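Below: one structure, written as structure tokens.
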Amino acid sequence: MRRIISGPAFALLAAFGLGAMAIWVSGGNPITSFGAMFAGAFGSGPTVAETLVKSVPLIITGLAVALGLRAGLFNIGVEGQLLVGGLCAAYVGYAVKLPAVVHLPLCIVCGMIGGAAWGLLPGFLRAKRGVHEVITTIMMNYIAFYLTHYLVTNPLKDATTMAPQTPEALSSAWLPAFGGLHAGILLALICLAGYAFVMGRGVFGYEVKVVGKAPDAARAAGISVTGTLVRAMLISGALAGLAGAVEVLGVHHKFYDQFSPGYGFDSIAVAFLGGGSALGTGLSALLFGALRNGAVGMQLATDTPREIVTIIQAIIIVMAGTKFVKNSSGSGGGADDPL
Amino acid sequence: MENTPAVEMIGITKRFSGVAANEGVDFTASWGELHALIGENGAGKSTLMNLLYGLHIPDSGEIKVGGDSVRIADPRDAIALGIGMVHQHFMLIPAFTALENIVLGAETAKLGLTDFRAAEAKVLATGERFGLRVDLHKKVADLSVSAQQKVEILKALYRDARILILDEPTSVLAPQEAESLFEMLRRMVAEGMCVILISHKLNDVISYADRVTVLRRGRVVASLETGQTCPEELTRMMVGEDVPTAEPQKASVVGEGAVLKVRDLSVRGRSGRALDSVSFDIRPGEVLGVAGVDGNGQRELAEALVGLTRSTGTITLGGVDISGMSVRGRLEQGMAYVPEDRRFALAPDFSILDNSILGFHRGFAYHGILDLDEMVERADELIGRNDIRASGPGAPVKSLSGGNRQKLVLGRALIGEPTILIACQPTMGLDVHATAEIHRRLLAECTRGAGVLLISYDLDEILALSHRVLVMYQGRVAGVLTREEASREKVGAMMLGAKA
Amino acid sequence: MIHFDAELLNSTLRLATPLILAALGGVLCERSGVVNIALEGMMLAGAFFGMLGSYWTGNPWVGMLLGAAAGGAFGLVHAFLTQRMKLNHIVSGVALNIFALGLTTYLLRKLFMHAGGSPPVNGLPMWNLPGLGEQNPLTELALAGTLLMTPFLWRTPQGLRLRAVGENPEAALAAGIRVGRVRFAAVIAGGLLGGLSGVYLSLGQLNMFAEGMSGGRGFIALAAVIFGRWTPLGAAGAALFFGFFDALQMRLQGQTVGGVVIPSEFMLMLPYLLTIVALAGFAGKAVAPAALGNDEATASN
């Protein structure tokens with residue numbers, strides 16, 4: 001128990017400590033700043049709801065990164081997979097007419113397929129050809145960025161407005177909303193539970209873990225390393241796509257250019273801080289949702305810019321990453337690790 | 001023979017995370033002396049020499065070189081003191097040429113550019129002196145193992161080493177190659193150099209070394225002239241008790257027919273075939289030993305049999321053609337595998353529990369969900385049956401000793417009563433007791449009627465356990481000898497390419 | 001129609017300069033065995049602090065030095081985290097990129113009360129170079145660096161050691177090389193070049209800093225390193241190639257080629273796409289430094 005808590009707790013403490021120092025050095029007051037941030041995140045019913053809404057994509061994308069890490073894959077491409085998934089969901093949302101019972105699930109599934117498709121190539125190249133996924137997923141992010149930009153400014157553009165966005169999805173594709181929340185939070189909880197179960201007890205989770213920590217032993221034990229890697233990357237991409245779909249169908253009801261404020265990158269910090277477990281990922285996603293939400297209020301109330309959260313996030317990645325991800329060891333490295 | 005000490009190490013203690021690798025070690029080697037350092041695996045020989053070469057720093061004790069007290073904080077200090085070391089795992093850069101490897105770190109420059117021409121002249125002169133000939137412009141990756149070893153020695157001599165440490169230099173060589181290495185070392189000693197040899201081959205030590213120091217569990221047991229001792233006495237000192245010198249009892253009955261039939265097995269390598277049309281049978285109850293210098297296709301053979309490498313040819317196991325099967329299919333068909341590289345055997349970060357089902361884990365799953373109770377049962381069984389010393393099934397495998405890990409690997413492989421066991425270097429790095437236990441288990445499998453393919457670079461191990469010996473050279477079968485035909489000399493010659 | 005004229009060549013050179021500088025930094029860093037996906041952050045930091053130096057003193061050369069120093073400082077942190085703290089190189093790079101984005105935008109808001117961009121500052125003057133005409137001094141530095149780095153890496157003792165450390169740090173250590181020191185030097189030098197490439201963006205092109213102005217160029221530079229197979233000439237060549245496509249993309253905005261409009265987005269994607277294709281093609285061949293990302297030997301010194 002102590003080991004589980006001491007690592008992330010220390011990372012948080014150090015990150016906030018350094019963040020406070022940064023605020024102080026740049027002439028602000030860390031106490032009032034963090035106070036305003038807390039108020040902005042939890043100050044009232046609506047702000048709490050908004051914090052939860054902001055946490056939803058972080059939970060799902062955090063799991064996407066965490067699953068990859070367990071398999072020894074560093075999926076930096078969550079942002080791109082999320083964009084593609086979101087666009088797929090938006091397109092099916094406005095272009096197809098169906099009753100809500102079919103339409104909403106279809107949109108969600110299409111979002112997941114879009115995300116998975118975007119993860120397929122990096123997964124395949126890593127598994128079959130030993131090409132490091134970090135580089136390919138970074139490249140895929142930019143390709144997704146330009147592709148979706150092109151699509152929402154050209155063929156899929158809403159003709160009724162100047163803004164680079166798709167037409168609004170039909171209401172049959174919207175995630176049900178209630179009291180400032182939307183049903184995406186249920187999907188996020190289902191993902192958390194499913195992840196916990198599969199990684200804890202599932203054969204797939206077992207194979208993922210062995211492939212991630214001891215790929216050679218996995219091979220000798222008859223586990224298909226390539227198959228496991230491709231599957232893990234597909235599921236990771238599907239989760240990222242789901243997060244995009246949930247944002248589009250639950251919050252914006254359309255895809256507009258650059259709708260993601262960087263969920264795909266926040267998710268890396270979420271996963272690191274969460275240490276790969278479902279509970280940890282859920283909690284750290286909540287934390288980052290609160291930070292992102294509270295930072296807006298903080299910026300309004302004090303003269304501390306909201307980017308302090310980004311700085312804190314970078315420090316958390318360093319602090320939590322030291323324990324979580326090991327450097328490749330042994331000599332050679334070979335095709336498995338040619339970065 | 002001069003008798004001024006070249007190296008004096010006095011009261012050396014070195015601990016790694018609390019465990020003493022060297023404890024109050026006194027070690028002296030003289031100029032003009034070939035000094036052997038022997039001991040079991042884990043006795044602290046390599047640690048002691050790594051301290052002398054500055055790869056580790058002693059916790060306490062004093063080191064004197066040529067009579068002066070010195071501090072050796074890193075290899076640079078050692079090199080400056082005229083110490084060179086040839087590591088067991090060569091410290092070479094495969095992508096660089098031999099010459100680049102030799103001059104690296106000791107370059108001379110002209111106008112800021114490396115002066116390779118002057119370096120080559122010096123290397124050639126040194127090589128001439130001791131009979132070391134290597135193609136200096138070839139990439140190290142393209143050199144044979146014995147040529148790579150020569151590059152290592154030249155590297156030390158290029159830095160004007162007068163004290164040369166060699167860590168298990170013969171373990172990668174055929175007997176004849178080892179002989180010429182020793183002749184070269186004797187020439188160095190004759191010129192007044194001090195050569196320190198880490199070895200576990202006692203016959204070599206007696207034949208070629210002047211003095212021998214014996215380590216046991218991090219302490220010096222004895223240091224004596226080789227002329228005044230014998231292999232039996234040295235063994236006793238190394239192990240600390242009498243060890244039965246009798247060979248393990250071989251399974252008496254070798255059955256008829258073949259449990260494993262291999263025909264024309266080939267594996268494509270980096271250049272040409274790494275494994276070239278290998279054919280053999282293994283009968284029930286038989287140990288077929290595969291001898292050869294490291295890198296002559298043994299690893300490819302094992303991996304092709306298990307299905308880790310793509311191969312052509314046919315493999316028949318118990319009458320079933322398994323050539324097209326995946327690793328899992330072959331394991332399910334009754335093949336068991338003890339890999340040479342321990343990274344292939346265990347996931348060290350995981351518990352004994354998780355590792356004890358690795359490879360069989362699908363048998364513990366119902367509808368994709370693992371049955372924890374059955375897993376615990378299996379882990380307990382493995383721990384009990386194989387006398388694995390661990391705090392419990394939840395202990396991470398990396399906390400186990402090498403011997404206990406290997407017992408876990410072998411126990412897990414054998415629990416399904418396989419028909420064929422592929423055992424690669426099964427006793428590498430183990431102490432005498434663990435080695436004896438592993439040998440006993442291998443032979444017990446034969447008695448049960450299983451076939452065993454034993455791949456080892458230790459010719460003595462092969463000769464002690466095998467019913468027949470298959471010698472590999474450059475990916476081909478150089479010949480198959482019965483135990484009676486297989487003399488050290490004959491097998492050694494075949495390991496270097498002689499025909500049977 | 002496309003006209004391959006002096007102007008296209010000039011804009012190619014202009015757009016390629018930051019890519020070349022950063023790619024050369026990447027080659028130095030990765031040849032020593034340290035993965036550098038932090039180029040993007042180094043570039044951004046260089047751009048910001050380059051602007052800040054010029055803003056404070058009115059002297060763009062001071063800005064250039066400050067920007068280079070900022071990149072070098074990022075290099076120092078990257079070396080410290082990966083070599084001393086044993087942090088995974090990619091994790092460190094990701095964190096540094098995020099940190100650079102956070103820090104520069106934070107300071108932008110704090111100092112100028114505006115997140116979008118800085119006020120205009122004095123940019124670097126142009127130098128006249130025989131044969132190349134009026135060029136930014138950083139362009140000249142990039143071209144000179146390209147020509148000098150090959151003999152440095154392959155003909156000098158320092159270059160041999162740097163590559164040795166990237167191929168097999170254990171062997172380098174045993175050969176008496178201070179592995180940690182070589183890697184620190186290489187990563188800091190790489191950071192300086194990354195910082196300079198950022199300075200080019202803020203003091204060579206726009207004469208101001210804009211939020212997130214590196215805009216993925218650090219990753220294109222990394223792509224150039226890979227595409228150029230970790231050699232200075234190859235990386236610079238790839239950077240020029242990518243720069244050319246960027247120039248072409250600008251030239252072709254709204255124009256038709258054979259009756260078809262090529263969306264600029266597709267031209268912008270090209271470097272990323274080509275890198276994936278190149279990586280897939282390299283697969284199985286040892287072109288990257290063998291010990292890239294491996295820190296085994298630096299633990300003890």
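Following the order of the structure tokens, chains are lettered A, B, ..., residues in each are numbered from 1, and ligands are numbered from 1.
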
Legend entry - Polymer residues at most 8 Å from segment 355-361 of chain B, only C-alpha atoms, same-chain spacing of 6 or more positions, as JSON, numbers by chain: {"A": [203, 218, 220, 221, 222, 223], "B": [328, 331, 346, 347, 370, 375, 378, 379, 382, 397, 408, 412]}

Inset, instruction - Step one, run DSSP on the backbone; step two, keep only residues of segment 171-300 of chain A assigned to helix (DSSP H, G or I); then write them as a VMD selection string. - result: chain A and resid 171 to 173 184 to 201 203 to 213 215 to 220 225 to 252 263 to 274 278 to 300

File dump, residues just selected, C-alpha atoms, as a JSON list (two decimals), in the first residue's frame:
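Resulting contents of result.json:
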```
[["chain", "number", "residue", "atom", "x", "y", "z"],
["A", 171, "SER", "CA", -29.81, 14.86, -31.86],
["A", 172, "SER", "CA", -30.31, 11.10, -32.20],
["A", 173, "ALA", "CA", -26.54, 10.81, -32.00],
["A", 184, "GLY", "CA", -19.83, 9.75, -21.44],
["A", 185, "ILE", "CA", -18.98, 9.48, -17.78],
["A", 186, "LEU", "CA", -20.71, 6.10, -17.68],
["A", 187, "LEU", "CA", -18.70, 4.96, -20.67],
["A", 188, "ALA", "CA", -15.54, 6.10, -18.90],
["A", 189, "LEU", "CA", -16.47, 4.08, -15.81],
["A", 190, "ILE", "CA", -17.19, 1.02, -17.92],
["A", 191, "CYS", "CA", -13.78, 1.39, -19.55],
["A", 192, "LEU", "CA", -12.11, 1.64, -16.14],
["A", 193, "ALA", "CA", -13.83, -1.49, -14.88],
["A", 194, "GLY", "CA", -13.13, -3.42, -18.06],
["A", 195, "TYR", "CA", -9.48, -2.42, -18.01],
["A", 196, "ALA", "CA", -9.10, -3.43, -14.36],
["A", 197, "PHE", "CA", -10.66, -6.82, -15.00],
["A", 198, "VAL", "CA", -8.80, -7.66, -18.20],
["A", 199, "MET", "CA", -5.41, -6.59, -16.85],
["A", 200, "GLY", "CA", -5.99, -8.32, -13.54],
["A", 201, "ARG", "CA", -7.50, -11.63, -14.56],
["A", 203, "VAL", "CA", -5.48, -14.07, -20.44],
["A", 204, "PHE", "CA", -5.17, -11.13, -22.81],
["A", 205, "GLY", "CA", -4.02, -8.91, -19.96],
["A", 206, "TYR", "CA", -1.53, -11.56, -18.85],
["A", 207, "GLU", "CA", -0.10, -11.85, -22.34],
["A", 208, "VAL", "CA", 0.03, -8.06, -22.70],
["A", 209, "LYS", "CA", 1.99, -7.77, -19.48],
["A", 210, "VAL", "CA", 4.47, -10.50, -20.39],
["A", 211, "VAL", "CA", 4.96, -9.03, -23.86],
["A", 212, "GLY", "CA", 5.51, -5.63, -22.30],
["A", 213, "LYS", "CA", 8.00, -6.67, -19.66],
["A", 215, "PRO", "CA", 9.04, -9.99, -24.91],
["A", 216, "ASP", "CA", 11.61, -12.73, -25.42],
["A", 217, "ALA", "CA", 10.12, -14.88, -22.69],
["A", 218, "ALA", "CA", 6.71, -14.27, -24.24],
["A", 219, "ARG", "CA", 7.92, -15.55, -27.59],
["A", 220, "ALA", "CA", 9.48, -18.64, -26.10],
["A", 225, "VAL", "CA", 4.20, -11.02, -29.68],
["A", 226, "THR", "CA", 3.24, -9.44, -32.97],
["A", 227, "GLY", "CA", -0.41, -10.32, -32.50],
["A", 228, "THR", "CA", -0.47, -9.02, -28.96],
["A", 229, "LEU", "CA", 1.24, -5.78, -29.92],
["A", 230, "VAL", "CA", -1.09, -5.14, -32.83],
["A", 231, "ARG", "CA", -4.13, -5.93, -30.70],
["A", 232, "ALA", "CA", -2.93, -3.72, -27.86],
["A", 233, "MET", "CA", -2.31, -0.86, -30.26],
["A", 234, "LEU", "CA", -5.72, -1.36, -31.86],
["A", 235, "ILE", "CA", -7.47, -1.27, -28.50],
["A", 236, "SER", "CA", -5.41, 1.71, -27.41],
["A", 237, "GLY", "CA", -6.38, 3.51, -30.61],
["A", 238, "ALA", "CA", -10.00, 2.47, -30.21],
["A", 239, "LEU", "CA", -10.04, 3.95, -26.71],
["A", 240, "ALA", "CA", -8.55, 7.17, -28.02],
["A", 241, "GLY", "CA", -11.17, 7.22, -30.77],
["A", 242, "LEU", "CA", -13.87, 6.59, -28.18],
["A", 243, "ALA", "CA", -12.65, 9.60, -26.23],
["A", 244, "GLY", "CA", -12.89, 11.70, -29.37],
["A", 245, "ALA", "CA", -16.39, 10.39, -30.10],
["A", 246, "VAL", "CA", -17.50, 11.08, -26.53],
["A", 247, "GLU", "CA", -16.25, 14.66, -26.72],
["A", 248, "VAL", "CA", -17.96, 15.22, -30.05],
["A", 249, "LEU", "CA", -21.25, 13.49, -29.17],
["A", 250, "GLY", "CA", -21.40, 14.61, -25.55],
["A", 251, "VAL", "CA", -20.01, 18.15, -25.54],
["A", 252, "HIS", "CA", -19.67, 19.84, -28.92],
["A", 263, "TYR", "CA", -6.18, 15.56, -24.37],
["A", 264, "GLY", "CA", -3.82, 13.22, -26.16],
["A", 265, "PHE", "CA", -0.82, 14.80, -24.45],
["A", 266, "ASP", "CA", -2.49, 15.23, -21.06],
["A", 267, "SER", "CA", -3.22, 11.52, -21.23],
["A", 268, "ILE", "CA", 0.50, 10.73, -21.09],
["A", 269, "ALA", "CA", 0.81, 12.51, -17.74],
["A", 270, "VAL", "CA", -2.42, 10.87, -16.58],
["A", 271, "ALA", "CA", -1.14, 7.40, -17.40],
["A", 272, "PHE", "CA", 2.28, 7.96, -15.84],
["A", 273, "LEU", "CA", 0.85, 9.33, -12.65],
["A", 274, "GLY", "CA", -1.70, 6.53, -12.58],
["A", 278, "ALA", "CA", -7.25, 1.45, -13.48],
["A", 279, "LEU", "CA", -7.78, 3.12, -10.13],
["A", 280, "GLY", "CA", -4.65, 5.21, -10.48],
["A", 281, "THR", "CA", -5.57, 6.26, -13.99],
["A", 282, "GLY", "CA", -9.08, 7.24, -12.91],
["A", 283, "LEU", "CA", -7.80, 9.30, -10.00],
["A", 284, "SER", "CA", -5.11, 11.08, -11.95],
["A", 285, "ALA", "CA", -7.58, 11.81, -14.76],
["A", 286, "LEU", "CA", -9.84, 13.45, -12.18],
["A", 287, "LEU", "CA", -6.89, 15.45, -10.94],
["A", 288, "PHE", "CA", -6.00, 16.69, -14.40],
["A", 289, "GLY", "CA", -9.64, 17.42, -15.19],
["A", 290, "ALA", "CA", -9.71, 19.55, -12.05],
["A", 291, "LEU", "CA", -6.43, 21.24, -12.94],
["A", 292, "ARG", "CA", -7.53, 22.08, -16.46],
["A", 293, "ASN", "CA", -10.90, 23.32, -15.27],
["A", 294, "GLY", "CA", -9.57, 25.17, -12.25],
["A", 295, "ALA", "CA", -6.81, 26.86, -14.23],
["A", 296, "VAL", "CA", -9.37, 28.82, -16.22],
["A", 297, "GLY", "CA", -10.89, 30.22, -13.05],
["A", 298, "MET", "CA", -7.45, 30.88, -11.63],
["A", 299, "GLN", "CA", -6.43, 32.90, -14.65],
["A", 300, "LEU", "CA", -9.55, 35.04, -14.32]]
```

Legend entry - Residue among C:Pro169, C:Gly190, C:Gly176, C:Gly243 lying closest to chain B, counting only C-alpha atoms: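 When distances to chain B are compared using only C-alpha atoms, the smallest one comes from C:Gly176.
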
Inset, instruction - Please report as a count of residues only which residues of chain B come no farther than 10 Å from chain C, using only C-alpha atoms. - result: 45

Inset, instruction - Within 9 Å of chain A, which residues of chain B are there when counting only C-alpha atoms? Please give them as a ChimeraX atom specification. - result: /B:303,306-308,326-331,337,339,342-350,354,358-362,364-365,367-372

So that I have them on file, write out the residues from the current selection with N, CA and C atoms, as a JSON list (two decimals), in the first residue's frame.
```json
[["chain", "number", "residue", "atom", "x", "y", "z"],
["B", 303, "GLU", "N", 16.44, -22.52, -31.89],
["B", 303, "GLU", "CA", 15.31, -21.64, -32.15],
["B", 303, "GLU", "C", 14.46, -22.15, -33.31],
["B", 306, "VAL", "N", 12.28, -24.97, -31.86],
["B", 306, "VAL", "CA", 11.20, -24.48, -31.01],
["B", 306, "VAL", "C", 10.20, -23.65, -31.81],
["B", 307, "GLY", "N", 10.66, -23.15, -32.95],
["B", 307, "GLY", "CA", 9.75, -22.36, -33.78],
["B", 307, "GLY", "C", 9.92, -20.86, -33.60],
["B", 308, "LEU", "N", 11.03, -20.46, -32.98],
["B", 308, "LEU", "CA", 11.28, -19.03, -32.77],
["B", 308, "LEU", "C", 11.90, -18.38, -34.00],
["B", 326, "SER", "N", 3.29, -23.20, -34.89],
["B", 326, "SER", "CA", 3.78, -22.06, -34.12],
["B", 326, "SER", "C", 4.47, -22.59, -32.87],
["B", 327, "VAL", "N", 5.09, -21.69, -32.13],
["B", 327, "VAL", "CA", 5.74, -22.09, -30.88],
["B", 327, "VAL", "C", 4.73, -22.78, -29.98],
["B", 328, "ARG", "N", 3.55, -22.20, -29.88],
["B", 328, "ARG", "CA", 2.55, -22.76, -28.98],
["B", 328, "ARG", "C", 2.17, -24.17, -29.40],
["B", 329, "GLY", "N", 1.99, -24.34, -30.72],
["B", 329, "GLY", "CA", 1.63, -25.67, -31.23],
["B", 329, "GLY", "C", 2.69, -26.70, -30.86],
["B", 330, "ARG", "N", 3.94, -26.33, -30.99],
["B", 330, "ARG", "CA", 5.02, -27.27, -30.70],
["B", 330, "ARG", "C", 5.08, -27.60, -29.20],
["B", 331, "LEU", "N", 4.89, -26.57, -28.36],
["B", 331, "LEU", "CA", 4.89, -26.81, -26.92],
["B", 331, "LEU", "C", 3.77, -27.77, -26.56],
["B", 337, "TYR", "N", 11.45, -26.49, -23.65],
["B", 337, "TYR", "CA", 12.58, -25.67, -24.08],
["B", 337, "TYR", "C", 13.20, -24.97, -22.87],
["B", 339, "PRO", "N", 15.89, -22.26, -22.59],
["B", 339, "PRO", "CA", 16.69, -21.39, -23.46],
["B", 339, "PRO", "C", 18.04, -21.05, -22.86],
["B", 342, "ARG", "N", 18.64, -16.34, -20.70],
["B", 342, "ARG", "CA", 17.63, -16.44, -19.64],
["B", 342, "ARG", "C", 16.49, -15.45, -19.84],
["B", 343, "ARG", "N", 16.71, -14.46, -20.71],
["B", 343, "ARG", "CA", 15.61, -13.53, -20.99],
["B", 343, "ARG", "C", 14.47, -14.24, -21.69],
["B", 344, "PHE", "N", 14.79, -15.37, -22.31],
["B", 344, "PHE", "CA", 13.76, -16.12, -23.01],
["B", 344, "PHE", "C", 13.02, -17.05, -22.06],
["B", 345, "ALA", "N", 13.55, -17.20, -20.85],
["B", 345, "ALA", "CA", 12.99, -18.20, -19.96],
["B", 345, "ALA", "C", 11.98, -17.63, -18.97],
["B", 346, "LEU", "N", 12.27, -16.45, -18.46],
["B", 346, "LEU", "CA", 11.46, -15.92, -17.37],
["B", 346, "LEU", "C", 11.20, -14.44, -17.57],
["B", 347, "ALA", "N", 10.12, -13.96, -16.95],
["B", 347, "ALA", "CA", 9.87, -12.53, -16.87],
["B", 347, "ALA", "C", 10.28, -12.10, -15.47],
["B", 348, "PRO", "N", 11.50, -11.56, -15.33],
["B", 348, "PRO", "CA", 12.07, -11.37, -13.99],
["B", 348, "PRO", "C", 11.28, -10.42, -13.09],
["B", 349, "ASP", "N", 10.55, -9.47, -13.69],
["B", 349, "ASP", "CA", 9.79, -8.53, -12.86],
["B", 349, "ASP", "C", 8.54, -9.16, -12.27],
["B", 350, "PHE", "N", 8.14, -10.29, -12.83],
["B", 350, "PHE", "CA", 6.89, -10.90, -12.39],
["B", 350, "PHE", "C", 7.15, -11.93, -11.28],
["B", 354, "ASP", "N", 3.19, -15.90, -11.53],
["B", 354, "ASP", "CA", 2.96, -15.58, -12.93],
["B", 354, "ASP", "C", 3.90, -16.36, -13.85],
["B", 358, "LEU", "N", 3.75, -19.51, -17.25],
["B", 358, "LEU", "CA", 4.13, -18.94, -18.54],
["B", 358, "LEU", "C", 4.36, -20.05, -19.56],
["B", 359, "GLY", "N", 3.66, -19.94, -20.67],
["B", 359, "GLY", "CA", 3.74, -20.98, -21.69],
["B", 359, "GLY", "C", 2.60, -21.99, -21.57],
["B", 360, "PHE", "N", 2.07, -22.10, -20.36],
["B", 360, "PHE", "CA", 0.93, -23.01, -20.14],
["B", 360, "PHE", "C", -0.31, -22.22, -19.72],
["B", 361, "HIS", "N", -0.19, -20.89, -19.79],
["B", 361, "HIS", "CA", -1.21, -20.06, -19.16],
["B", 361, "HIS", "C", -2.58, -20.26, -19.76],
["B", 362, "ARG", "N", -2.63, -20.63, -21.02],
["B", 362, "ARG", "CA", -3.97, -20.81, -21.61],
["B", 362, "ARG", "C", -4.70, -22.00, -21.00],
["B", 364, "PHE", "N", -4.82, -22.52, -17.98],
["B", 364, "PHE", "CA", -5.35, -22.08, -16.68],
["B", 364, "PHE", "C", -6.51, -21.11, -16.85],
["B", 365, "ALA", "N", -6.95, -20.95, -18.09],
["B", 365, "ALA", "CA", -7.97, -19.95, -18.35],
["B", 365, "ALA", "C", -9.28, -20.59, -18.75],
["B", 367, "HIS", "N", -12.80, -19.30, -20.44],
["B", 367, "HIS", "CA", -13.41, -18.16, -21.14],
["B", 367, "HIS", "C", -12.53, -16.92, -21.04],
["B", 368, "GLY", "N", -11.26, -17.11, -21.19],
["B", 368, "GLY", "CA", -10.35, -15.96, -21.22],
["B", 368, "GLY", "C", -9.99, -15.40, -19.86],
["B", 369, "ILE", "N", -10.45, -16.09, -18.79],
["B", 369, "ILE", "CA", -10.17, -15.57, -17.45],
["B", 369, "ILE", "C", -9.31, -16.58, -16.69],
["B", 370, "LEU", "N", -8.23, -16.10, -16.10],
["B", 370, "LEU", "CA", -7.30, -16.99, -15.41],
["B", 370, "LEU", "C", -7.88, -17.45, -14.07],
["B", 371, "ASP", "N", -7.66, -18.72, -13.76],
["B", 371, "ASP", "CA", -8.11, -19.26, -12.48],
["B", 371, "ASP", "C", -6.98, -19.14, -11.47],
["B", 372, "LEU", "N", -7.14, -18.22, -10.56],
["B", 372, "LEU", "CA", -6.06, -17.90, -9.62],
["B", 372, "LEU", "C", -5.72, -19.09, -8.72]]
```

Quick one: which chain C residues come within 7 Å of chain A, and what is the nearest atom pair for each with the distance in Å to one decimal, counting only C-alpha atoms, rows ordered by chain and ascending number, as a tab-separated table?
```
residue	atom	partner	partner_atom	distance
C:Val35	CA	A:Leu339	CA	6.7
C:Leu87	CA	A:Thr322	CA	5.0
C:Asn88	CA	A:Asn327	CA	4.9
C:Val91	CA	A:Gly321	CA	6.5
C:Ser92	CA	A:Val318	CA	6.4
C:Ala95	CA	A:Ala314	CA	4.6
C:Leu96	CA	A:Ala314	CA	6.8
C:Ile98	CA	A:Ala314	CA	5.7
C:Phe99	CA	A:Ala314	CA	5.2
C:Gly102	CA	A:Thr310	CA	4.9
C:Leu103	CA	A:Ile311	CA	6.3
C:Thr105	CA	A:Glu307	CA	6.6
C:Tyr106	CA	A:Glu307	CA	5.2
C:Arg109	CA	A:Pro305	CA	6.4
C:Lys110	CA	A:Pro305	CA	6.8
C:Glu265	CA	A:Tyr146	CA	5.3
C:Met269	CA	A:Ile143	CA	5.4
C:Tyr272	CA	A:Met139	CA	4.9
C:Ile276	CA	A:Thr136	CA	5.9
C:Leu279	CA	A:Val131	CA	6.3
C:Ala280	CA	A:Val131	CA	6.5
C:Ala283	CA	A:Arg129	CA	5.4
C:Gly284	CA	A:Ala335	CA	5.9
C:Ala288	CA	A:Pro338	CA	6.4
C:Ala290	CA	A:Gly332	CA	5.7
C:Ala291	CA	A:Gly332	CA	6.1
C:Leu292	CA	A:Leu339	CA	5.8
C:Gly293	CA	A:Leu339	CA	6.6
C:Asn294	CA	A:Ser328	CA	5.6
C:Glu296	CA	A:Ser329	CA	6.4
```

Convert the current residue selection to file output with C-alpha atoms, as a CSV table (one decimal), in the first residue's frame.
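And here is the file that came out, selection.csv:
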```csv
chain,number,residue,atom,x,y,z
C,35,VAL,CA,17.1,9.8,-28.3
C,87,LEU,CA,14.8,8.6,-17.1
C,88,ASN,CA,13.6,7.0,-20.3
C,91,VAL,CA,9.7,10.3,-21.5
C,92,SER,CA,12.2,13.1,-20.9
C,95,ALA,CA,8.2,16.2,-20.7
C,96,LEU,CA,10.6,18.8,-22.2
C,98,ILE,CA,5.3,20.0,-22.9
C,99,PHE,CA,7.5,22.0,-20.5
C,102,GLY,CA,4.0,25.7,-20.9
C,103,LEU,CA,6.9,27.8,-20.0
C,105,THR,CA,3.2,30.6,-23.1
C,106,TYR,CA,3.2,31.2,-19.4
C,109,ARG,CA,1.2,36.0,-20.8
C,110,LYS,CA,3.1,37.1,-17.7
C,265,GLU,CA,-2.6,20.2,-46.2
C,269,MET,CA,1.7,16.0,-44.4
C,272,TYR,CA,5.5,12.9,-41.9
C,276,ILE,CA,6.9,6.5,-41.9
C,279,LEU,CA,11.2,3.9,-41.4
C,280,ALA,CA,9.3,0.9,-42.7
C,283,ALA,CA,13.3,-2.0,-40.9
C,284,GLY,CA,15.6,-4.8,-40.0
C,288,ALA,CA,20.4,3.8,-36.2
C,290,ALA,CA,23.0,0.5,-31.9
C,291,ALA,CA,22.8,1.8,-28.4
C,292,LEU,CA,20.3,4.6,-29.0
C,293,GLY,CA,18.3,4.9,-25.8
C,294,ASN,CA,20.5,2.5,-23.8
C,296,GLU,CA,23.6,0.7,-19.1
```

Inset, instruction - Work out how far atom CA of Leu15 of chain C is from atom CA of Ile262 of chain C, in Å to one decimal. - result: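 Atom-to-atom, atom CA of Ile262 of chain C to atom CA of Leu15 of chain C, that is 19.9 Å.
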
Inset, instruction - Tell me, as a PyMOL selection string, which residues lie within 10 Å of Met238 of chain B, counting only C-alpha atoms; anything in the same chain fewer than 3 positions away does not count. - result: chain B and resi 38-41+43+200+214-217+220-222+232-235+241-242+432

Inset, instruction - Find the residues near Arg162 of chain B: any atom within 8 Å, counting only C-alpha atoms, skip ones fewer than 3 places away on the same chain, and give them as a list in words. - result: Gly82, Ile83, Gly84, Leu157, Met193 and Cys194 of chain B
